[in-house]
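**Student:** Dropping in run_4.pdb, which is PDB, C-alpha atoms and all ligand atoms:
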MODEL        1
ATOM      1  CA  MET A  10      79.708 -74.419 -34.066
ATOM      2  CA  ARG A  11      78.765 -77.427 -36.113
ATOM      3  CA  PHE A  12      80.960 -79.270 -38.596
ATOM      4  CA  GLY A  13      78.490 -81.527 -40.417
ATOM      5  CA  GLY A  14      77.189 -83.888 -37.745
ATOM      6  CA  LEU A  15      79.766 -82.856 -35.150
ATOM      7  CA  VAL A  16      78.877 -80.110 -32.675
ATOM      8  CA  ALA A  17      82.329 -78.800 -31.771
ATOM      9  CA  VAL A  18      81.158 -75.941 -29.510
ATOM     10  CA  ASN A  19      77.693 -76.052 -27.980
ATOM     11  CA  ASN A  20      76.107 -73.239 -25.945
ATOM     12  CA  VAL A  21      79.390 -72.049 -24.486
ATOM     13  CA  GLY A  22      78.124 -68.725 -23.165
ATOM     14  CA  PHE A  23      80.442 -66.482 -21.191
ATOM     15  CA  SER A  24      81.340 -62.853 -20.740
ATOM     16  CA  LEU A  25      84.610 -61.284 -19.760
ATOM     17  CA  ALA A  26      85.166 -57.839 -18.248
ATOM     18  CA  LYS A  27      87.924 -55.425 -19.214
ATOM     19  CA  GLY A  28      91.165 -56.346 -17.495
ATOM     20  CA  ALA A  29      90.034 -59.864 -16.546
ATOM     21  CA  VAL A  30      91.767 -63.152 -17.327
ATOM     22  CA  LEU A  31      89.779 -66.266 -18.232
ATOM     23  CA  SER A  32      91.422 -69.685 -18.469
ATOM     24  CA  VAL A  33      89.733 -72.233 -20.710
ATOM     25  CA  ILE A  34      90.601 -75.815 -19.874
ATOM     26  CA  GLY A  35      89.343 -79.170 -21.123
ATOM     27  CA  PRO A  36      90.600 -82.431 -22.623
ATOM     28  CA  ASN A  37      92.003 -82.695 -26.149
ATOM     29  CA  GLY A  38      89.347 -82.160 -28.785
ATOM     30  CA  ALA A  39      86.971 -80.470 -26.311
ATOM     31  CA  GLY A  40      86.433 -77.480 -28.601
ATOM     32  CA  LYS A  41      88.759 -74.885 -27.086
ATOM     33  CA  SER A  42      90.576 -73.863 -30.272
ATOM     34  CA  THR A  43      87.276 -73.878 -32.159
ATOM     35  CA  LEU A  44      85.979 -71.367 -29.607
ATOM     36  CA  PHE A  45      88.939 -69.083 -30.437
ATOM     37  CA  ASN A  46      88.311 -69.598 -34.133
ATOM     38  CA  VAL A  47      84.689 -68.536 -33.702
ATOM     39  CA  ILE A  48      85.637 -65.433 -31.687
ATOM     40  CA  THR A  49      88.309 -64.359 -34.170
ATOM     41  CA  GLY A  50      86.293 -64.862 -37.339
ATOM     42  CA  VAL A  51      88.170 -67.899 -38.647
ATOM     43  CA  TYR A  52      84.842 -69.759 -38.457
ATOM     44  CA  LYS A  53      81.386 -68.275 -38.800
ATOM     45  CA  PRO A  54      79.339 -69.993 -36.092
ATOM     46  CA  THR A  55      76.313 -71.975 -37.243
ATOM     47  CA  ALA A  56      74.337 -70.450 -34.327
ATOM     48  CA  GLY A  57      74.899 -67.954 -31.550
ATOM     49  CA  THR A  58      76.522 -64.559 -31.316
ATOM     50  CA  VAL A  59      79.858 -63.024 -30.398
ATOM     51  CA  THR A  60      79.760 -59.510 -28.973
ATOM     52  CA  PHE A  61      82.858 -57.453 -28.341
ATOM     53  CA  ALA A  62      83.116 -53.949 -26.881
ATOM     54  CA  GLY A  63      79.419 -53.346 -27.457
ATOM     55  CA  ALA A  64      79.274 -54.507 -31.084
ATOM     56  CA  GLU A  65      78.200 -57.816 -32.536
ATOM     57  CA  ILE A  66      81.124 -59.328 -34.413
ATOM     58  CA  THR A  67      79.689 -62.755 -35.219
ATOM     59  CA  GLY A  68      81.309 -64.093 -38.392
ATOM     60  CA  LYS A  69      83.150 -60.826 -39.141
ATOM     61  CA  PRO A  70      86.304 -61.390 -41.177
ATOM     62  CA  ALA A  71      89.505 -61.958 -39.192
ATOM     63  CA  TYR A  72      91.129 -58.641 -40.256
ATOM     64  CA  ASP A  73      88.093 -56.736 -38.994
ATOM     65  CA  VAL A  74      88.226 -58.582 -35.660
ATOM     66  CA  VAL A  75      91.918 -57.684 -35.242
ATOM     67  CA  GLU A  76      91.166 -54.063 -36.087
ATOM     68  CA  ARG A  77      88.489 -53.993 -33.395
ATOM     69  CA  GLY A  78      91.081 -55.091 -30.847
ATOM     70  CA  ILE A  79      91.187 -58.887 -30.585
ATOM     71  CA  ALA A  80      94.599 -60.500 -31.152
ATOM     72  CA  ARG A  81      95.594 -64.128 -30.778
ATOM     73  CA  THR A  82      98.373 -66.605 -30.836
ATOM     74  CA  PHE A  83      98.074 -70.079 -32.342
ATOM     75  CA  GLN A  84      98.895 -73.540 -31.017
ATOM     76  CA  SER A  85     101.152 -74.186 -33.961
ATOM     77  CA  SER A  86     103.489 -71.371 -34.871
ATOM     78  CA  ARG A  87     102.228 -68.942 -37.521
ATOM     79  CA  LEU A  88     105.394 -66.917 -37.630
ATOM     80  CA  PHE A  89     107.145 -66.010 -40.869
ATOM     81  CA  GLY A  90     110.162 -68.259 -40.361
ATOM     82  CA  ASP A  91     112.377 -66.622 -42.996
ATOM     83  CA  LEU A  92     111.771 -63.100 -41.727
ATOM     84  CA  SER A  93     113.598 -61.583 -38.790
ATOM     85  CA  VAL A  94     112.179 -61.542 -35.289
ATOM     86  CA  LEU A  95     111.820 -57.755 -35.578
ATOM     87  CA  ASP A  96     109.998 -57.946 -38.923
ATOM     88  CA  ASN A  97     107.552 -60.479 -37.516
ATOM     89  CA  VAL A  98     106.556 -57.999 -34.800
ATOM     90  CA  ILE A  99     106.317 -55.134 -37.304
ATOM     91  CA  ILE A 100     103.959 -57.220 -39.442
ATOM     92  CA  GLY A 101     101.722 -57.492 -36.371
ATOM     93  CA  MET A 102     101.256 -53.711 -36.516
ATOM     94  CA  HIS A 103      99.737 -53.615 -39.975
ATOM     95  CA  THR A 104      96.232 -52.802 -38.755
ATOM     96  CA  ARG A 105      97.552 -49.772 -36.862
ATOM     97  CA  THR A 106      99.780 -48.229 -39.526
ATOM     98  CA  ARG A 107      98.573 -45.599 -41.953
ATOM     99  CA  THR A 108     101.024 -45.359 -44.801
ATOM    100  CA  GLY A 109     100.925 -47.816 -47.708
ATOM    101  CA  VAL A 110     102.703 -48.467 -50.998
ATOM    102  CA  LEU A 111     101.525 -45.200 -52.579
ATOM    103  CA  ASP A 112     102.794 -43.222 -49.599
ATOM    104  CA  ALA A 113     106.147 -44.967 -49.880
ATOM    105  CA  LEU A 114     106.314 -43.747 -53.491
ATOM    106  CA  PHE A 115     104.834 -40.278 -53.184
ATOM    107  CA  ARG A 116     105.289 -39.345 -49.503
ATOM    108  CA  PRO A 117     108.553 -41.137 -48.688
ATOM    109  CA  ALA A 118     109.344 -38.944 -45.660
ATOM    110  CA  ALA A 119     106.051 -39.732 -43.912
ATOM    111  CA  SER A 120     106.442 -43.392 -44.774
ATOM    112  CA  LYS A 121     109.989 -43.469 -43.380
ATOM    113  CA  ARG A 122     108.902 -41.708 -40.191
ATOM    114  CA  GLU A 123     106.160 -44.242 -39.623
ATOM    115  CA  MET A 124     108.545 -47.132 -40.276
ATOM    116  CA  ALA A 125     111.039 -45.746 -37.748
ATOM    117  CA  ALA A 126     108.258 -45.476 -35.166
ATOM    118  CA  CYS A 127     107.245 -49.085 -35.898
ATOM    119  CA  VAL A 128     110.802 -50.314 -35.410
ATOM    120  CA  ALA A 129     111.082 -48.469 -32.090
ATOM    121  CA  LYS A 130     107.770 -49.888 -30.903
ATOM    122  CA  ALA A 131     108.663 -53.421 -32.008
ATOM    123  CA  GLU A 132     111.998 -53.190 -30.197
ATOM    124  CA  ALA A 133     110.224 -52.015 -27.043
ATOM    125  CA  LEU A 134     107.839 -54.991 -27.236
ATOM    126  CA  LEU A 135     110.770 -57.380 -27.668
ATOM    127  CA  LYS A 136     112.611 -55.831 -24.736
ATOM    128  CA  ALA A 137     109.557 -55.961 -22.496
ATOM    129  CA  GLY A 138     109.067 -59.739 -22.554
ATOM    130  CA  SER A 139     111.208 -62.229 -20.671
ATOM    131  CA  GLY A 140     114.132 -63.917 -22.385
ATOM    132  CA  ASP A 141     116.461 -62.374 -24.910
ATOM    133  CA  LEU A 142     114.235 -61.829 -27.927
ATOM    134  CA  TYR A 143     115.556 -58.300 -28.322
ATOM    135  CA  ASP A 144     119.124 -59.579 -28.645
ATOM    136  CA  GLN A 145     117.897 -62.024 -31.281
ATOM    137  CA  ARG A 146     115.899 -59.416 -33.209
ATOM    138  CA  TYR A 147     117.823 -59.797 -36.479
ATOM    139  CA  ARG A 148     117.714 -63.612 -36.479
ATOM    140  CA  PRO A 149     115.157 -65.390 -38.649
ATOM    141  CA  ALA A 150     112.133 -66.345 -36.548
ATOM    142  CA  GLY A 151     112.467 -69.930 -37.797
ATOM    143  CA  ALA A 152     115.831 -70.247 -36.024
ATOM    144  CA  LEU A 153     114.410 -69.487 -32.556
ATOM    145  CA  ALA A 154     114.003 -72.064 -29.807
ATOM    146  CA  GLN A 155     110.388 -73.095 -29.241
ATOM    147  CA  ALA A 156     109.866 -71.038 -26.074
ATOM    148  CA  ASP A 157     111.214 -67.956 -27.869
ATOM    149  CA  ARG A 158     108.869 -68.580 -30.804
ATOM    150  CA  ARG A 159     105.960 -68.554 -28.352
ATOM    151  CA  ARG A 160     107.192 -65.305 -26.797
ATOM    152  CA  LEU A 161     107.525 -63.817 -30.264
ATOM    153  CA  GLU A 162     103.948 -64.843 -31.135
ATOM    154  CA  ILE A 163     102.776 -62.959 -28.059
ATOM    155  CA  ALA A 164     104.873 -59.879 -28.932
ATOM    156  CA  ARG A 165     103.444 -59.943 -32.459
ATOM    157  CA  ALA A 166      99.876 -60.206 -31.133
ATOM    158  CA  LEU A 167     100.536 -57.269 -28.789
ATOM    159  CA  ALA A 168     101.818 -55.210 -31.700
ATOM    160  CA  SER A 169      98.222 -54.831 -32.902
ATOM    161  CA  GLU A 170      97.407 -53.041 -29.602
ATOM    162  CA  PRO A 171      94.630 -55.420 -28.596
ATOM    163  CA  LYS A 172      91.957 -54.931 -25.970
ATOM    164  CA  LEU A 173      91.552 -58.696 -25.775
ATOM    165  CA  LEU A 174      94.440 -61.141 -26.135
ATOM    166  CA  LEU A 175      93.726 -64.804 -26.866
ATOM    167  CA  LEU A 176      96.573 -67.190 -26.070
ATOM    168  CA  ASP A 177      96.230 -70.757 -27.363
ATOM    169  CA  GLU A 178      98.339 -72.998 -25.111
ATOM    170  CA  PRO A 179     101.166 -70.499 -24.675
ATOM    171  CA  SER A 180     103.158 -72.776 -22.358
ATOM    172  CA  VAL A 181     103.428 -75.710 -24.780
ATOM    173  CA  GLY A 182     107.068 -76.674 -25.191
ATOM    174  CA  MET A 183     108.196 -74.612 -22.195
ATOM    175  CA  ASP A 184     110.020 -76.010 -19.187
ATOM    176  CA  GLU A 185     109.093 -74.952 -15.649
ATOM    177  CA  THR A 186     111.390 -71.924 -15.599
ATOM    178  CA  GLU A 187     110.083 -70.729 -18.958
ATOM    179  CA  THR A 188     106.489 -71.303 -17.816
ATOM    180  CA  ASP A 189     107.105 -69.205 -14.705
ATOM    181  CA  ALA A 190     108.570 -66.495 -16.931
ATOM    182  CA  LEU A 191     105.439 -66.667 -19.121
ATOM    183  CA  VAL A 192     103.235 -66.180 -16.053
ATOM    184  CA  ALA A 193     105.397 -63.214 -15.025
ATOM    185  CA  ASP A 194     105.061 -61.767 -18.555
ATOM    186  CA  ILE A 195     101.269 -62.008 -18.446
ATOM    187  CA  ARG A 196     101.193 -60.440 -14.980
ATOM    188  CA  ARG A 197     103.400 -57.567 -16.120
ATOM    189  CA  LEU A 198     101.254 -57.028 -19.206
ATOM    190  CA  ARG A 199      98.205 -56.640 -17.003
ATOM    191  CA  VAL A 200      99.928 -54.113 -14.804
ATOM    192  CA  GLU A 201     101.021 -52.127 -17.854
ATOM    193  CA  ASN A 202      97.609 -52.430 -19.574
ATOM    194  CA  PRO A 203      95.034 -52.658 -16.789
ATOM    195  CA  GLU A 204      92.182 -52.800 -19.305
ATOM    196  CA  LEU A 205      93.622 -55.654 -21.367
ATOM    197  CA  ALA A 206      91.477 -58.782 -21.105
ATOM    198  CA  VAL A 207      93.115 -62.170 -21.675
ATOM    199  CA  ILE A 208      91.696 -65.578 -22.527
ATOM    200  CA  LEU A 209      94.125 -68.435 -22.100
ATOM    201  CA  ILE A 210      93.688 -71.966 -23.360
ATOM    202  CA  GLU A 211      95.923 -73.952 -21.063
ATOM    203  CA  HIS A 212      96.740 -77.513 -20.133
ATOM    204  CA  ASP A 213      99.413 -76.541 -17.627
ATOM    205  CA  MET A 214      97.729 -76.061 -14.253
ATOM    206  CA  ARG A 215     100.705 -73.967 -13.064
ATOM    207  CA  VAL A 216      99.558 -71.256 -15.450
ATOM    208  CA  VAL A 217      95.832 -71.660 -14.708
ATOM    209  CA  GLU A 218      96.484 -71.505 -10.979
ATOM    210  CA  ALA A 219      98.363 -68.239 -11.414
ATOM    211  CA  PHE A 220      95.161 -66.543 -12.654
ATOM    212  CA  PRO A 221      92.650 -68.246 -10.409
ATOM    213  CA  ASP A 222      89.596 -65.967 -10.638
ATOM    214  CA  ASN A 223      87.900 -67.153 -13.842
ATOM    215  CA  VAL A 224      88.248 -70.677 -15.140
ATOM    216  CA  MET A 225      85.938 -72.458 -17.563
ATOM    217  CA  CYS A 226      86.105 -76.152 -18.406
ATOM    218  CA  ILE A 227      84.788 -77.461 -21.718
ATOM    219  CA  ASP A 228      84.193 -81.111 -22.520
ATOM    220  CA  TYR A 229      82.754 -82.455 -25.782
ATOM    221  CA  GLY A 230      82.032 -78.880 -26.848
ATOM    222  CA  SER A 231      79.943 -77.975 -23.790
ATOM    223  CA  LYS A 232      80.772 -75.968 -20.710
ATOM    224  CA  ILE A 233      80.820 -78.322 -17.730
ATOM    225  CA  ALA A 234      82.122 -76.004 -15.011
ATOM    226  CA  GLU A 235      83.071 -72.402 -14.427
ATOM    227  CA  GLY A 236      84.177 -70.303 -11.498
ATOM    228  CA  SER A 237      87.370 -69.925  -9.529
ATOM    229  CA  PHE A 238      90.257 -72.327 -10.049
ATOM    230  CA  ALA A 239      89.479 -74.003  -6.706
ATOM    231  CA  THR A 240      85.791 -74.491  -7.630
ATOM    232  CA  VAL A 241      86.496 -75.871 -11.083
ATOM    233  CA  ARG A 242      89.343 -78.134  -9.956
ATOM    234  CA  SER A 243      87.179 -79.779  -7.318
ATOM    235  CA  ASP A 244      84.185 -80.286  -9.637
ATOM    236  CA  PRO A 245      83.610 -84.040 -10.109
ATOM    237  CA  ARG A 246      82.695 -83.566 -13.793
ATOM    238  CA  VAL A 247      86.006 -81.834 -14.414
ATOM    239  CA  GLN A 248      87.931 -84.568 -12.645
ATOM    240  CA  GLU A 249      86.046 -87.170 -14.658
ATOM    241  CA  ALA A 250      86.715 -85.341 -17.932
ATOM    242  CA  TYR A 251      90.435 -85.187 -17.185
ATOM    243  CA  LEU A 252      91.031 -88.439 -15.356
ATOM    244  CA  GLY A 253      88.236 -90.749 -16.473
ATOM    245  CA  LYS A 254      85.305 -91.827 -14.309
ATOM    246  CA  ALA A 255      87.079 -94.619 -12.442
ATOM    247  CA  ALA A 256      89.893 -92.312 -11.294
ATOM    248  CA  ALA A 257      87.456 -89.548 -10.315
ATOM    249  CA  ASP A 258      85.448 -91.976  -8.148
ATOM    250  CA  ALA A 259      88.538 -93.394  -6.480
TER     251      ALA A 259
HETATM  252  N1  LIG A 301      87.456 -77.382 -39.443
HETATM  253  C1  LIG A 301      86.990 -78.453 -38.809
HETATM  254  N2  LIG A 301      86.267 -79.376 -39.475
HETATM  255  C2  LIG A 301      85.780 -80.471 -38.831
HETATM  256  N3  LIG A 301      85.940 -80.718 -37.534
HETATM  257  C3  LIG A 301      86.654 -79.845 -36.819
HETATM  258  C4  LIG A 301      87.223 -78.655 -37.400
HETATM  259  N4  LIG A 301      87.888 -77.974 -36.446
HETATM  260  C5  LIG A 301      87.759 -78.688 -35.315
HETATM  261  N5  LIG A 301      87.016 -79.802 -35.536
HETATM  262  C6  LIG A 301      86.640 -80.801 -34.534
HETATM  263  O1  LIG A 301      86.029 -80.113 -33.465
HETATM  264  C7  LIG A 301      86.388 -80.733 -32.235
HETATM  265  C8  LIG A 301      87.019 -79.717 -31.327
HETATM  266  O2  LIG A 301      88.343 -79.442 -31.800
HETATM  267  P1  LIG A 301      89.275 -78.327 -31.150
HETATM  268  O3  LIG A 301      90.526 -78.273 -31.949
HETATM  269  O4  LIG A 301      88.515 -77.072 -30.978
HETATM  270  O5  LIG A 301      89.579 -78.959 -29.727
HETATM  271  P2  LIG A 301      90.595 -78.451 -28.608
HETATM  272  O6  LIG A 301      89.830 -78.457 -27.332
HETATM  273  O7  LIG A 301      91.220 -77.191 -29.027
HETATM  274  O8  LIG A 301      91.657 -79.626 -28.578
HETATM  275  P3  LIG A 301      93.249 -79.590 -28.329
HETATM  276  O9  LIG A 301      93.435 -79.352 -26.876
HETATM  277  O10 LIG A 301      93.669 -80.951 -28.777
HETATM  278  O11 LIG A 301      93.763 -78.498 -29.193
HETATM  279  C9  LIG A 301      87.284 -81.918 -32.559
HETATM  280  O12 LIG A 301      86.487 -83.072 -32.627
HETATM  281  C10 LIG A 301      87.815 -81.536 -33.931
HETATM  282  O13 LIG A 301      88.136 -82.688 -34.676
ENDMDL
END
Take the structure in the file and give it back as structure tokens.
Ligand SMILES: Nc1ncnc2c1ncn2[C@@H]1O[C@H](COP(=O)(O)OP(=O)(O)OP(=O)(O)O)[C@@H](O)[C@H]1O
**Tutor:**
Amino acid sequence: MRFGGLVAVNNVGFSLAKGAVLSVIGPNGAGKSTLFNVITGVYKPTAGTVTFAGAEITGKPAYDVVERGIARTFQSSRLFGDLSVLDNVIIGMHTRTRTGVLDALFRPAASKREMAACVAKAEALLKAGSGDLYDQRYRPAGALAQADRRRLEIARALASEPKLLLLDEPSVGMDETETDALVADIRRLRVENPELAVILIEHDMRVVEAFPDNVMCIDYGSKIAEGSFATVRSDPRVQEAYLGKAAADA
């Protein structure tokens, strides 16, 4: 992915199996969020391909990508701050609902039934995560504490029933207890949806270490290491990227 003269993501090839978790690490500006933006259709890559569930989705519009089963959260909150917690989750279901404005006018019973099912499903998603989002379901999303906003972003992403969930720095703004709860949430999600694949962009090694099988480190847009957490952590190029050459040599 090129932006003028800057190559933000360069030859970052990887594949992920159903049910697997991949952590993407790398210093600030390495190209991690751009990778998510390429996968989810926010950017059309200047070269290369993205294939998902057997179909090429390179450059497909974001709504199409969500419909195919890829959901994401963002580094900065994209919640509707004035809407309730519950409504934010219901909005996440829009690709899976069938009735529209015309149905509301001409088939009000069907429309009402679908809405009731959406509310029940949204409440279940809010109950399932850690914390007390369910108890706060009628509060405006903008009034939530930061950790709760992150949990709500995840609940909203799950509302689209994804096969692949992309989490962009989910632990930002969380203390250690909240981070542990996040790890527990992701673990529980995997037990409940064994086929759900997850890609995490993370700076917090507590989270990365909790899913140690697949880790990829990006630096200046290129992949510099991949493998288990232990392999990647001990790679001298990774240590240099994070700590600077002098510290890595020390
Ligand atoms: N739309 C854009 N136009 C121009 N340059 C961009 C654009 N988006 C990202 N970049 C550049 O691409 C590079 C990679 O940015 P990106 O946000 O993907 O990094 P990151 O690894 O996610 O960093 P961080 O951890 O700070 O979020 C940076 O140099 C950034 O300035």
**Student:** Contacts of stretch 213-230 of chain A at 7 Å or less, counting all atoms listed in the file, minus same-chain residues fewer than 4 places along, as a PyMOL selection string?
**Tutor:** chain A and resi 16-19+30-36+39-40+192+234-238+241+247+250
**Student:** I need the output of the PyMOL selection byres (((chain A and resi 149-164) around 10) and not hetatm) for this file as a PyMOL selection string; which residues are they?
**Tutor:** chain A and resi 80-99+101+131-143+145-148+165-169+174-176+178-184+187-188+191+194-195
**Student:** Just give me the gap between atom CA of A:Tyr52 and atom CA of A:Val74 in Å, one decimal is fine.
**Tutor:** 12.0 Å
**Student:** Under the rule that all atoms listed in the file are counted, which of A:Phe23, A:Met102, A:Ala64, A:Gly13 is the nearest residue to A:Cys127?
**Tutor:**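 The closest residue to A:Cys127 is A:Met102.
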**Student:** To one decimal in Å, tell me the separation between atom C5 of ligand LIG 301 (chain A) and atom CA of A:Gly57.
**Tutor:**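 According to the coordinates, atom C5 of ligand LIG 301 (chain A) and atom CA of A:Gly57 are separated by 17.2 Å.
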